[in-house]
Each structure stands twice: as structure tokens, then as C-alpha cells.
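The file entry-v3.txt contains compact mmCIF, C-alpha atoms:
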# COMPACT_ATOMS: atom_id res chain seq x y z
CA MET J 287 -17.43 -35.16 1.42
CA ASP J 288 -16.11 -37.15 -1.53
CA ILE J 289 -16.03 -35.34 -4.87
CA GLU J 290 -18.97 -36.27 -7.10
CA LYS J 291 -18.50 -36.11 -10.87
CA TYR J 292 -21.11 -35.38 -13.51
CA VAL J 293 -21.44 -34.22 -17.10
CA ILE J 294 -23.22 -30.95 -17.81
CA LEU J 295 -23.91 -29.26 -21.14
CA LYS J 296 -22.95 -25.65 -21.82
CA PRO J 297 -26.57 -24.46 -22.23
CA SER J 298 -27.27 -25.92 -18.79
CA VAL J 299 -24.33 -24.07 -17.24
CA ASP J 300 -25.67 -20.87 -18.79
CA ALA J 301 -29.15 -21.70 -17.49
CA ILE J 302 -27.85 -22.10 -13.93
CA LEU J 303 -26.27 -18.65 -14.03
CA LYS J 304 -29.39 -17.13 -15.56
CA SER J 305 -31.62 -18.76 -12.94
CA LEU J 306 -29.45 -17.57 -10.04
CA LEU J 307 -29.56 -14.03 -11.39
CA ALA J 308 -33.33 -14.18 -11.92
CA SER J 309 -33.83 -15.34 -8.33
CA GLY J 310 -32.10 -12.21 -7.05
CA LYS J 311 -28.84 -13.83 -5.97
CA THR J 312 -25.76 -11.61 -5.81
CA ILE J 313 -23.39 -12.93 -8.48
CA VAL J 314 -19.81 -11.73 -8.84
CA ALA J 315 -18.12 -12.77 -12.08
CA PRO J 316 -15.24 -11.76 -14.38
CA VAL J 317 -16.10 -8.92 -16.77
CA ARG J 318 -13.82 -7.44 -19.42
CA LYS J 319 -12.99 -3.75 -18.90
CA LYS J 320 -10.89 -2.48 -21.83
CA ASP J 321 -7.55 -4.29 -21.48
CA ALA J 322 -8.26 -5.90 -18.11
CA VAL J 323 -10.68 -8.44 -16.70
CA CYS J 324 -12.13 -7.66 -13.27
CA PHE J 325 -14.52 -9.38 -10.89
CA GLU J 326 -17.68 -7.37 -10.30
CA LYS J 327 -21.35 -7.80 -9.53
CA ILE J 328 -23.26 -8.72 -12.67
CA ASP J 329 -26.86 -8.65 -13.85
CA GLU J 330 -28.83 -10.23 -16.70
CA ASN J 331 -27.27 -7.82 -19.22
CA SER J 332 -23.65 -8.49 -18.26
CA THR J 333 -21.27 -10.45 -20.46
CA VAL J 334 -19.15 -12.84 -18.40
CA ALA J 335 -15.59 -13.14 -19.70
CA ASP J 336 -14.21 -16.62 -20.21
CA ASP J 337 -11.25 -16.08 -22.58
CA PHE J 338 -8.63 -14.73 -20.20
CA VAL J 339 -5.67 -16.03 -18.21
CA GLN J 340 -6.16 -14.06 -15.00
CA THR J 341 -8.16 -11.17 -13.57
CA LYS J 342 -6.39 -8.04 -12.40
CA LEU J 343 -7.38 -8.51 -8.74
CA SER J 344 -8.13 -11.58 -6.69
CA LEU J 345 -11.37 -12.39 -4.88
CA LYS J 346 -10.05 -12.18 -1.32
CA SER J 347 -11.79 -8.86 -0.63
CA PHE J 348 -15.13 -10.68 -0.48
CA ALA J 349 -14.00 -12.52 2.66
CA PHE J 350 -11.33 -10.07 3.80
CA PRO J 351 -12.36 -6.53 2.75
CA ARG J 352 -9.75 -3.84 2.06
CA TYR J 353 -11.40 -1.66 4.70
CA GLU J 354 -13.78 -2.99 7.34
CA LYS J 355 -15.45 -1.45 10.37
CA LEU J 356 -15.16 -3.90 13.27
CA PHE J 357 -17.28 -1.88 15.71
CA GLY J 358 -18.30 1.67 16.50
CA PHE J 359 -18.71 3.64 19.69
CA ASN J 360 -20.52 6.74 20.93
CA LYS J 361 -19.53 8.72 23.99
CA SER J 362 -21.67 10.95 26.17
CA GLN J 363 -20.69 12.73 29.37
CA LYS J 364 -21.32 9.63 31.48
CA ASN J 365 -21.44 6.62 29.17
CA VAL J 366 -19.77 4.93 26.23
CA THR J 367 -21.98 2.84 23.95
CA VAL J 368 -20.34 0.20 21.78
CA ASN J 369 -22.07 -0.78 18.54
CA ASP J 370 -20.92 -4.29 17.72
CA PHE J 371 -20.40 -5.63 14.23
CA ASP J 372 -23.71 -6.44 12.55
CA PHE J 373 -23.36 -9.92 11.10
CA LYS J 374 -26.74 -9.58 9.37
CA GLN J 375 -25.19 -7.07 6.96
CA ILE J 376 -22.98 -9.74 5.37
CA PRO J 377 -24.46 -10.64 1.98
CA GLU J 378 -24.67 -14.08 0.42
CA ILE J 379 -22.50 -14.02 -2.70
CA TYR J 380 -21.92 -16.47 -5.53
CA LEU J 381 -18.42 -16.15 -6.96
CA TRP J 382 -18.90 -17.35 -10.52
CA GLY J 383 -16.02 -17.96 -12.93
CA THR J 384 -13.35 -18.27 -10.26
CA LYS J 385 -9.98 -19.69 -11.31
CA PRO J 386 -8.56 -22.63 -9.30
CA CYS J 387 -5.70 -20.48 -7.99
CA ASP J 388 -8.18 -17.95 -6.60
CA ALA J 389 -10.31 -20.62 -4.96
CA SER J 390 -7.27 -22.18 -3.29
CA GLY J 391 -6.30 -18.75 -1.97
CA PHE J 392 -9.18 -18.98 0.49
CA LEU J 393 -7.49 -22.01 2.10
CA ALA J 394 -4.49 -19.83 2.98
CA LEU J 395 -6.75 -17.09 4.35
CA ASN J 396 -8.78 -19.66 6.31
CA ALA J 397 -5.57 -20.82 7.97
CA ILE J 398 -4.41 -17.29 8.76
CA PHE J 399 -7.71 -16.18 10.28
CA ASN J 400 -8.16 -19.37 12.31
CA TRP J 401 -4.62 -19.96 13.55
CA ASP J 402 -4.50 -18.90 17.21
CA PHE J 403 -7.82 -17.02 17.17
CA LYS J 404 -10.93 -17.78 15.16
CA ASP J 405 -11.93 -14.56 13.46
CA ALA J 406 -15.73 -14.53 13.60
CA ILE J 407 -16.17 -11.76 11.03
CA TYR J 408 -13.89 -13.36 8.45
CA ASN J 409 -15.49 -16.78 8.97
CA ALA J 410 -18.99 -15.34 8.64
CA ARG J 411 -18.09 -13.69 5.34
CA GLN J 412 -16.40 -16.81 4.01
CA GLU J 413 -19.37 -18.95 4.97
CA LYS J 414 -21.64 -16.73 2.84
CA LEU J 415 -19.53 -17.36 -0.28
CA THR J 416 -20.32 -20.05 -2.82
CA ILE J 417 -17.34 -20.56 -5.11
CA ILE J 418 -18.08 -21.80 -8.62
CA THR J 419 -14.81 -22.38 -10.41
CA PHE J 420 -13.85 -23.03 -14.02
CA SER J 421 -10.65 -24.90 -14.89
CA CYS J 422 -7.93 -23.09 -16.83
CA PHE J 423 -7.47 -23.96 -20.48
CA GLN J 424 -4.80 -21.32 -21.07
CA SER J 425 -1.90 -19.84 -19.10
CA ASP J 426 1.04 -17.46 -19.49
CA GLU J 427 4.68 -17.26 -18.42
CA ASN J 428 3.72 -15.99 -14.94
CA CYS J 429 1.56 -18.98 -14.01
CA PHE J 430 3.18 -21.55 -11.70
CA CYS J 431 0.31 -23.12 -9.75
CA THR J 432 1.68 -26.64 -10.25
CA SER J 433 4.87 -25.63 -8.41
CA VAL J 434 3.00 -24.82 -5.18
CA GLY J 435 0.67 -27.81 -5.03
CA GLY J 436 -2.14 -26.53 -7.22
CA GLY J 437 -3.08 -27.01 -10.84
CA PRO J 438 -5.19 -25.65 -13.70
CA GLY J 439 -7.91 -28.13 -12.73
CA GLY J 440 -7.39 -28.02 -8.97
CA THR J 441 -10.46 -28.44 -6.77
CA ALA J 442 -9.10 -27.00 -3.49
CA GLY J 443 -11.31 -24.25 -2.09
CA SER J 444 -14.08 -24.62 -4.67
CA ASP J 445 -17.66 -25.72 -4.15
CA ILE J 446 -18.15 -26.75 -7.79
CA LEU J 447 -15.54 -27.02 -10.53
CA PHE J 448 -16.51 -26.97 -14.21
CA THR J 449 -13.97 -28.19 -16.77
CA LYS J 450 -14.76 -27.60 -20.44
CA VAL J 451 -14.15 -30.80 -22.40
CA GLY J 452 -15.61 -29.78 -25.75
CA ASP J 453 -17.52 -26.97 -27.39
CA GLU J 454 -20.75 -27.85 -25.59
CA LYS J 455 -19.80 -30.08 -22.66
CA TYR J 456 -18.27 -29.78 -19.17
CA ILE J 457 -17.19 -32.15 -16.45
CA ALA J 458 -18.82 -30.93 -13.23
CA GLU J 459 -17.12 -31.82 -9.94
CA VAL J 460 -19.27 -31.23 -6.86
CA ILE J 461 -16.83 -30.72 -4.00
CA SER J 462 -18.69 -29.39 -0.95
CA GLU J 463 -22.08 -29.26 0.73
CA LYS J 464 -22.68 -25.85 -0.88
CA GLY J 465 -21.96 -27.43 -4.25
CA SER J 466 -24.34 -30.29 -3.44
CA ARG J 467 -27.13 -27.82 -2.78
CA ILE J 468 -26.63 -26.29 -6.23
CA ARG J 469 -26.62 -29.75 -7.81
CA GLU J 470 -29.84 -30.61 -6.01
CA GLN J 471 -31.45 -27.33 -7.06
CA PHE J 472 -30.58 -27.96 -10.70
CA SER J 473 -30.53 -31.75 -10.64
CA GLU J 474 -31.94 -32.10 -14.17
CA PHE J 475 -28.77 -30.52 -15.60
CA PHE J 476 -26.25 -32.83 -13.90
CA LEU J 477 -25.98 -35.94 -16.06
CA PRO J 478 -24.24 -39.25 -15.26
CA THR J 479 -20.52 -39.08 -15.87
CA GLU J 480 -18.84 -40.84 -18.77
CA ALA J 481 -16.10 -43.18 -17.54
CA GLU J 482 -13.81 -42.48 -20.49
CA LEU J 483 -14.11 -38.72 -20.16
CA LYS J 484 -11.02 -37.26 -18.42
CA LYS J 485 -10.35 -33.58 -17.82
CA GLU J 486 -6.54 -33.60 -17.85
CA GLN J 487 -6.10 -33.41 -21.63
CA TYR J 488 -8.22 -30.25 -21.77
CA LEU J 489 -6.32 -28.30 -19.13
CA ALA J 490 -3.63 -25.68 -19.64
CA LYS J 491 -0.13 -27.15 -19.66
CA ILE J 492 1.81 -25.63 -16.75
CA ASP J 493 5.17 -27.26 -16.04
CA GLN J 494 6.28 -27.74 -12.44
CA LEU J 495 9.36 -25.53 -12.24
CA LEU J 496 9.92 -25.46 -8.49
CA ASP J 497 10.16 -27.82 -5.54
CA LYS J 498 8.47 -26.15 -2.57
CA GLU J 499 10.31 -28.40 -0.10
CA ILE J 500 13.71 -27.36 -1.47
CA ILE J 501 12.69 -23.69 -1.31
CA LYS J 502 11.55 -24.14 2.29
CA GLU J 503 14.91 -25.70 3.18
CA ARG J 504 16.82 -22.88 1.47
CA LEU J 505 14.81 -20.22 3.28
CA GLU J 506 15.44 -21.85 6.64
CA ASN J 507 19.20 -22.15 6.11
CA PHE J 508 20.18 -19.01 4.21
CA PHE J 509 18.78 -16.27 6.43
CA GLU J 510 21.94 -14.15 6.10
CA SER J 511 22.46 -14.79 2.39
CA GLU J 512 23.44 -11.92 0.09
CA ILE J 513 20.71 -13.03 -2.29
CA TRP J 514 18.13 -10.96 -0.39
CA LYS J 515 19.97 -7.73 -1.07
CA LYS J 516 20.49 -8.66 -4.70
CA GLN J 517 16.86 -9.62 -5.28
CA SER J 518 15.42 -6.58 -3.52
CA GLU J 519 17.51 -3.91 -5.26
CA ARG J 520 14.62 -2.95 -7.55
CA CYS J 521 11.83 -3.29 -4.97
CA LEU J 522 9.94 -0.04 -4.29
CA GLY J 523 8.03 -1.36 -1.29
CA CYS J 524 4.81 -0.23 -2.96
CA GLY J 525 2.72 -3.18 -1.75
CA ALA J 526 1.16 -3.92 -5.15
CA CYS J 527 2.15 -7.58 -4.87
CA ALA J 528 0.37 -7.98 -1.53
CA TYR J 529 -2.76 -6.18 -2.65
CA VAL J 530 -3.32 -8.37 -5.72
CA CYS J 531 -2.33 -11.61 -3.95
CA PRO J 532 -5.19 -14.02 -3.10
CA ALA J 533 -3.26 -15.42 -0.11
CA CYS J 534 -1.83 -12.32 1.64
CA GLY J 535 -3.60 -11.65 4.94
CA CYS J 536 -1.60 -8.83 6.55
CA PHE J 537 -3.77 -6.10 8.08
CA ASP J 538 -3.61 -3.10 10.38
CA ILE J 539 -6.05 -2.09 13.11
CA GLN J 540 -6.74 1.62 13.60
CA ASP J 541 -9.18 3.75 15.56
CA GLU J 542 -10.88 6.63 13.77
CA LYS J 543 -12.64 9.02 16.11
CA SER J 544 -13.96 12.50 16.69
CA ALA J 545 -14.91 14.06 20.01
CA ASN J 546 -17.95 11.89 20.73
CA GLN J 547 -17.89 8.96 18.34
CA GLY J 548 -15.58 6.70 16.44
CA SER J 549 -14.92 3.25 15.05
CA ARG J 550 -12.26 0.59 14.99
CA ILE J 551 -11.34 -0.47 11.48
CA ARG J 552 -9.28 -3.21 9.89
CA CYS J 553 -7.51 -2.48 6.63
CA TRP J 554 -5.06 -4.25 4.36
CA ASP J 555 -1.37 -3.88 5.09
CA SER J 556 1.84 -5.34 3.70
CA CYS J 557 5.06 -6.65 5.18
CA GLY J 558 6.79 -4.88 2.28
CA PHE J 559 5.92 -1.44 3.67
CA SER J 560 8.74 0.34 5.45
CA GLN J 561 6.57 1.14 8.50
CA PHE J 562 5.05 -2.33 8.86
CA THR J 563 7.31 -3.33 11.76
CA VAL J 564 8.18 0.06 13.25
CA HIS J 565 8.00 -0.12 17.07
CA ALA J 566 6.55 2.61 19.27
CA SER J 567 10.15 3.39 20.25
CA GLY J 568 10.98 4.14 16.65
CA HIS J 569 13.12 1.03 16.21
CA ASN J 570 12.47 -1.00 13.06
CA PRO J 571 13.71 -4.63 13.14
CA ARG J 572 13.31 -4.76 9.36
CA ALA J 573 14.84 -1.45 8.42
CA SER J 574 15.96 -2.39 4.91
CA GLN J 575 13.95 -3.50 1.89
CA SER J 576 16.09 -6.64 1.65
CA GLN J 577 14.95 -7.70 5.13
CA ARG J 578 11.34 -7.06 4.19
CA TRP J 579 11.68 -9.01 0.93
CA ARG J 580 13.23 -11.92 2.84
CA GLN J 581 10.34 -11.83 5.29
CA ARG J 582 7.75 -11.88 2.52
CA LEU J 583 9.19 -14.98 0.89
CA SER J 584 10.01 -16.69 4.18
CA HIS J 585 6.49 -16.16 5.48
CA LYS J 586 4.84 -17.58 2.38
CA PHE J 587 7.13 -20.51 1.68
CA SER J 588 8.59 -21.45 5.07
CA ILE J 589 6.71 -20.01 8.05
CA MET J 590 3.17 -20.68 6.81
CA PRO J 591 3.94 -24.27 5.73
CA GLU J 592 5.56 -24.87 9.12
CA ARG J 593 2.88 -23.28 11.30
CA LEU J 594 -0.29 -23.55 9.24
CA ASN J 595 0.44 -26.47 6.92
CA VAL J 596 -0.35 -24.38 3.84
CA VAL J 597 1.80 -22.51 1.33
CA GLY J 598 1.06 -18.79 1.27
CA CYS J 599 1.08 -18.66 -2.51
CA THR J 600 -1.23 -20.09 -5.17
CA GLY J 601 1.06 -19.53 -8.16
CA CYS J 602 -1.43 -17.18 -9.83
CA GLY J 603 1.37 -14.84 -10.97
CA ARG J 604 -0.52 -11.65 -10.20
CA CYS J 605 2.35 -10.22 -8.17
CA SER J 606 4.71 -10.47 -11.13
CA ARG J 607 2.16 -8.98 -13.51
CA ALA J 608 1.37 -6.10 -11.16
CA CYS J 609 4.95 -5.19 -10.14
CA PRO J 610 6.02 -1.84 -11.66
CA VAL J 611 9.71 -2.83 -11.60
CA ASP J 612 9.41 -6.47 -12.73
CA MET J 613 10.06 -8.23 -9.43
CA ASN J 614 9.26 -11.59 -10.99
CA LEU J 615 8.48 -14.01 -8.15
CA LEU J 616 8.94 -17.15 -10.23
CA GLU J 617 12.44 -16.06 -11.30
CA HIS J 618 13.42 -15.21 -7.71
CA LEU J 619 12.12 -18.51 -6.36
CA THR J 620 14.00 -20.37 -9.07
CA SER J 621 17.26 -18.64 -8.11
CA ILE J 622 16.66 -19.46 -4.43
CA MET J 623 16.08 -23.11 -5.26
CA LYS J 624 19.39 -23.23 -7.14
CA MET J 625 21.41 -21.71 -4.28
CA ASN J 626 24.34 -23.81 -3.12
CA HIS J 627 25.15 -24.58 0.51
CA ASP J 628 27.38 -21.51 0.77
CA GLY J 629 24.39 -19.24 0.27

Write out the structure in this file as C-alpha cells.
Amino acid sequence: MDIEKYVILKPSVDAILKSLLASGKTIVAPVRKKDAVCFEKIDENSTVADDFVQTKLSLKSFAFPRYEKLFGFNKSQKNVTVNDFDFKQIPEIYLWGTKPCDASGFLALNAIFNWDFKDAIYNARQEKLTIITFSCFQSDENCFCTSVGGGPGGTAGSDILFTKVGDEKYIAEVISEKGSRIREQFSEFFLPTEAELKKEQYLAKIDQLLDKEIIKERLENFFESEIWKKQSERCLGCGACAYVCPACGCFDIQDEKSANQGSRIRCWDSCGFSQFTVHASGHNPRASQSQRWRQRLSHKFSIMPERLNVVGCTGCGRCSRACPVDMNLLEHLTSIMKMNHDG
């Protein structure tokens, strides 16, 4: 559907949230916890944070949980009973206060989980999410959303986007059918738009520092470059970058069982882990951290754009903030973009 634009006053935005909570809806929103801001389920007594650059973790776990039971089984002497995944257990969740880079992360996950096989469990979870996003009015040195096709007022992946354009006023952009249902439910709050009112001047200023097409070309042509060894010298392979990333979709499948029962589970994994590609024979085609670092960047900025038509990065900067040894992704991408034809 085409994006519909309205004006909405701050008390009305607050009233929508209050009404959703009063009706028993599950609302997940950013809440300040000491020095960090985290997404968590809120109630009428919660204070939603709105003066922060980025939350510590992304929202991907609400569509792609860290640990998920796919099915269970019970064994008797003669029979094995399989207990399939119960789709009725998936809750309807409103993600309130999402940043544009988090909302766009769901587009990358959608592509991953619907590439050569449509993952019914992921799709069912994602369908139960309503994503209510607020544009960014501040940023830091780790933000680079504009370099990967996004922006501080980007609408990709959101159902509704609110952009604050004054102390008491927002531009409301209704983007999807889910967003339309909210607008219809609270139609008295959505006022006709003002033609002269533009959101761009109110957004955070984030310079475009990279050219994703140049990076893709470099990654395709400099597979054997020494830059991978140089960049990965500090990398611990801890996986923190993958776990905070809104667009990383690597997972492992394992069976947990006892004598007569068990379950098959899916859990987060990372291509940065040393055992990620270990074969049953013991051979590891990516035995060094430099090979794993190369794979991580190549997958996000070359392989995914080629196969899935989406960049595997939203420019949120969480990986750089979370890295214990300052593996700054923006700096590394900049150095790759500046590589000459000799590698």
C-alpha cells in the first residue's frame, strides 16, 4: 500500500499507548536500566525511554528467538509420538519505540527465512508483530544507516512511523495494513497532514560515508587480500557482534533427549565461532579467524545483496558498541572501500 501521512499530537500518541496497554495488549518498548536502554514488556507504570541513541540489544528475538523448541517427541517400547510446534502459543506483540534500523532488520531476516524454504515458525512470529517506529533525532559516531540504504527517518519494515516535528507534534506515516488498522482504531487522533510540514529537518544528521556497491565489488575481487588478516588480528570470535545484530540469522539445530523423550531446538549461532563450519570429519574450511571475518563481511555486503537483494546490515552500530576489542565495523568497511586494485 502507499504510505499515508497524517499529523498527530503528542498527547494522542501517549493515549494510543495507554489504550493498547489498557486493552491487555502485549507491548514491548525501550526502558532505561541504569546505563543501558533495553526492550522489555511494559505495563501502565513503566516509563518508556525516548532520549537514547540505541538500545543494547535488537528486537530480532521476537521473530527469531535465541532458543526455540521446534518439536518434541516421546518414545515408548513400540511407538514414537511427535509433538509438533504449537502455533497458538505465539503471542501478538506490539513493538513500540522501535528505531528505523531495527525495523529494517526484519527485512533482512524475512529474506533469510524465506530464501529457498519458507520457515513457517519464523513467518508466524513475524506476522504477530506490529512495529511502531519513531524516527531518530540523535545519533553517535557508530551510526551509519545512510551508508547501507537506510536513514534516521526510514520507513522500511515499520507499520507506523512517528517523527517528532516539535514539542507537541508528530508526523505519522501509516505504512502497512497493520498500521492502517491502528489508524482506523484511533482515527480521531490522526489529523490531516500539513503540506508545508517536512520531517527531514528534524532528523538526526548522519552522513553517508560508504558506497555499498563499491564495497560489494571489493569483496568480490579481493578474496585473497591481506586485509582480512590485518583486520581480524584483534577478533576474539566471541560472537557478540552477531548476537546484538538485528540482521544476523545464523542458527544451529540440535536434538536434546533423554531415554524416552526429547526435543529438537533451534538456537542462535555465529559464523565468527571457530566451530561454525567444522565438518564431521574434523576438517574446518574456515580454520582461521581471518577467514571467518572475511565470511562475515562478505555474507552481509556481497552474498546477501547478490542472492537475496538485501544488505545484511542496517548500520545500527551495535556490533561496534558491543565489541570488547573495538572491532569497529564502520572503520573496517571504510578501509575496504579504499582498497586499490592490488588488494

If we count only C-alpha atoms and set the cut-off at 7 Å, which residues sit around Asn369 in chain J, ignoring sequence neighbours fewer than 5 positions away in its own chain? Please answer as number ranges by chain. J: 357-359

Could you save those same residues with C-alpha atoms as a tab-separated table (two decimals), keeping the file's coordinate frame?
chain	number	residue	atom	x	y	z
J	357	PHE	CA	-17.28	-1.88	15.71
J	358	GLY	CA	-18.30	1.67	16.50
J	359	PHE	CA	-18.71	3.64	19.69

Per residue of range 469-564 of chain J within 10 Å of range 438-460 of chain J, record the nearest atom pair and its distance in Å to one decimal, counting only C-alpha atoms, with rows in chain order and ascending residue number, as JSON lines.
{"residue": "J:Arg469", "atom": "CA", "partner": "J:Val460", "partner_atom": "CA", "distance": 7.6}
{"residue": "J:Phe476", "atom": "CA", "partner": "J:Ala458", "partner_atom": "CA", "distance": 7.7}
{"residue": "J:Leu477", "atom": "CA", "partner": "J:Ala458", "partner_atom": "CA", "distance": 9.2}
{"residue": "J:Thr479", "atom": "CA", "partner": "J:Ile457", "partner_atom": "CA", "distance": 7.7}
{"residue": "J:Glu480", "atom": "CA", "partner": "J:Ile457", "partner_atom": "CA", "distance": 9.1}
{"residue": "J:Leu483", "atom": "CA", "partner": "J:Ile457", "partner_atom": "CA", "distance": 8.1}
{"residue": "J:Lys484", "atom": "CA", "partner": "J:Val451", "partner_atom": "CA", "distance": 8.2}
{"residue": "J:Lys485", "atom": "CA", "partner": "J:Val451", "partner_atom": "CA", "distance": 6.6}
{"residue": "J:Glu486", "atom": "CA", "partner": "J:Gly439", "partner_atom": "CA", "distance": 7.6}
{"residue": "J:Gln487", "atom": "CA", "partner": "J:Val451", "partner_atom": "CA", "distance": 8.5}
{"residue": "J:Tyr488", "atom": "CA", "partner": "J:Val451", "partner_atom": "CA", "distance": 6.0}
{"residue": "J:Leu489", "atom": "CA", "partner": "J:Pro438", "partner_atom": "CA", "distance": 6.1}
{"residue": "J:Ala490", "atom": "CA", "partner": "J:Pro438", "partner_atom": "CA", "distance": 6.1}
{"residue": "J:Lys491", "atom": "CA", "partner": "J:Pro438", "partner_atom": "CA", "distance": 8.0}
{"residue": "J:Ile492", "atom": "CA", "partner": "J:Pro438", "partner_atom": "CA", "distance": 7.6}

Leaving out range 614-620 of chain J and any residue of its chain fewer than 3 positions from it, which residues lie within 9 Å of it when counting all atoms listed in the file, given as a PyMOL selection string? chain J and resi 428-430+495-496+501+517+583+601+603+605-607+609+611+623-625

Need the shell around range 548-560 of chain J: protein/DNA/RNA residues with any atom at most 6 Å away, counting all atoms listed in the file. Skip same-chain ones fewer than 6 positions apart. Format as a VMD selection string? chain J and resid 352 to 359 523 525 536 to 542 578

Please, which residues are within 6 Å of (-6.0, -15.0, -7.0) by the file's coordinates, counting only C-alpha atoms, and could they come as a list in words?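 Those residues lying close to the given coordinates are Ser344, Cys387, Asp388, Cys531, Pro532 and Cys602 of chain J.
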
Would you mind telling me which residue in J:Ile468, J:Val323, J:Ala526, J:Met590 lies nearest to Ile302 in chain J when using all atoms listed in the file? J:Ile468

Test item: residues at most 10 Å from Asn595 in chain J, all atoms listed in the file, excluding those fewer than 6 positions along its chain, as a ChimeraX atom specification: /J:394,397,588-589

Would you compute the box with edges along x, y and z of the file around range 317-328 of chain J, including every atom the file lists for it and 5 Å extra on each side, and give its centre and edge lengths in Å to one decimal, as lines of an AutoDock Vina configuration file?
center_x = -15.4
center_y = -5.9
center_z = -15.7
size_x = 25.7
size_y = 16.9
size_z = 22.3

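Relative to CA of Phe475 in chain J, CA of Glu378 in chain J is found at 23.3 Å.
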
Hey, could you patch up range 466-477 of chain J with N, CA and C atoms and hand it over as a PDB file, in the frame of the given file?
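Done, and the output landed in result31.pdb:
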ATOM      1  N   SER J 466     -23.263 -29.296  -3.397  1.00  0.00           N
ATOM      2  CA  SER J 466     -24.340 -30.290  -3.440  1.00  0.00           C
ATOM      3  C   SER J 466     -25.710 -29.626  -3.483  1.00  0.00           C
ATOM      4  N   ARG J 467     -25.842 -28.521  -2.766  1.00  0.00           N
ATOM      5  CA  ARG J 467     -27.130 -27.820  -2.780  1.00  0.00           C
ATOM      6  C   ARG J 467     -27.441 -27.259  -4.164  1.00  0.00           C
ATOM      7  N   ILE J 468     -26.421 -26.772  -4.858  1.00  0.00           N
ATOM      8  CA  ILE J 468     -26.630 -26.290  -6.230  1.00  0.00           C
ATOM      9  C   ILE J 468     -27.005 -27.460  -7.136  1.00  0.00           C
ATOM     10  N   ARG J 469     -26.298 -28.573  -6.989  1.00  0.00           N
ATOM     11  CA  ARG J 469     -26.620 -29.750  -7.810  1.00  0.00           C
ATOM     12  C   ARG J 469     -28.048 -30.210  -7.573  1.00  0.00           C
ATOM     13  N   GLU J 470     -28.480 -30.197  -6.323  1.00  0.00           N
ATOM     14  CA  GLU J 470     -29.840 -30.610  -6.010  1.00  0.00           C
ATOM     15  C   GLU J 470     -30.866 -29.632  -6.576  1.00  0.00           C
ATOM     16  N   GLN J 471     -30.538 -28.349  -6.536  1.00  0.00           N
ATOM     17  CA  GLN J 471     -31.450 -27.330  -7.060  1.00  0.00           C
ATOM     18  C   GLN J 471     -31.624 -27.462  -8.565  1.00  0.00           C
ATOM     19  N   PHE J 472     -30.544 -27.842  -9.243  1.00  0.00           N
ATOM     20  CA  PHE J 472     -30.580 -27.960 -10.700  1.00  0.00           C
ATOM     21  C   PHE J 472     -30.259 -29.397 -11.126  1.00  0.00           C
ATOM     22  N   SER J 473     -30.876 -30.345 -10.462  1.00  0.00           N
ATOM     23  CA  SER J 473     -30.530 -31.750 -10.640  1.00  0.00           C
ATOM     24  C   SER J 473     -30.729 -32.235 -12.077  1.00  0.00           C
ATOM     25  N   GLU J 474     -31.678 -31.636 -12.805  1.00  0.00           N
ATOM     26  CA  GLU J 474     -31.940 -32.100 -14.170  1.00  0.00           C
ATOM     27  C   GLU J 474     -30.788 -31.806 -15.127  1.00  0.00           C
ATOM     28  N   PHE J 475     -29.896 -30.885 -14.726  1.00  0.00           N
ATOM     29  CA  PHE J 475     -28.770 -30.520 -15.600  1.00  0.00           C
ATOM     30  C   PHE J 475     -27.540 -31.403 -15.389  1.00  0.00           C
ATOM     31  N   PHE J 476     -27.445 -32.050 -14.238  1.00  0.00           N
ATOM     32  CA  PHE J 476     -26.250 -32.830 -13.900  1.00  0.00           C
ATOM     33  C   PHE J 476     -26.466 -34.276 -14.345  1.00  0.00           C
ATOM     34  N   LEU J 477     -25.788 -34.649 -15.426  1.00  0.00           N
ATOM     35  CA  LEU J 477     -25.980 -35.940 -16.060  1.00  0.00           C
ATOM     36  C   LEU J 477     -24.942 -36.947 -15.569  1.00  0.00           C
TER      37      LEU J 477
END
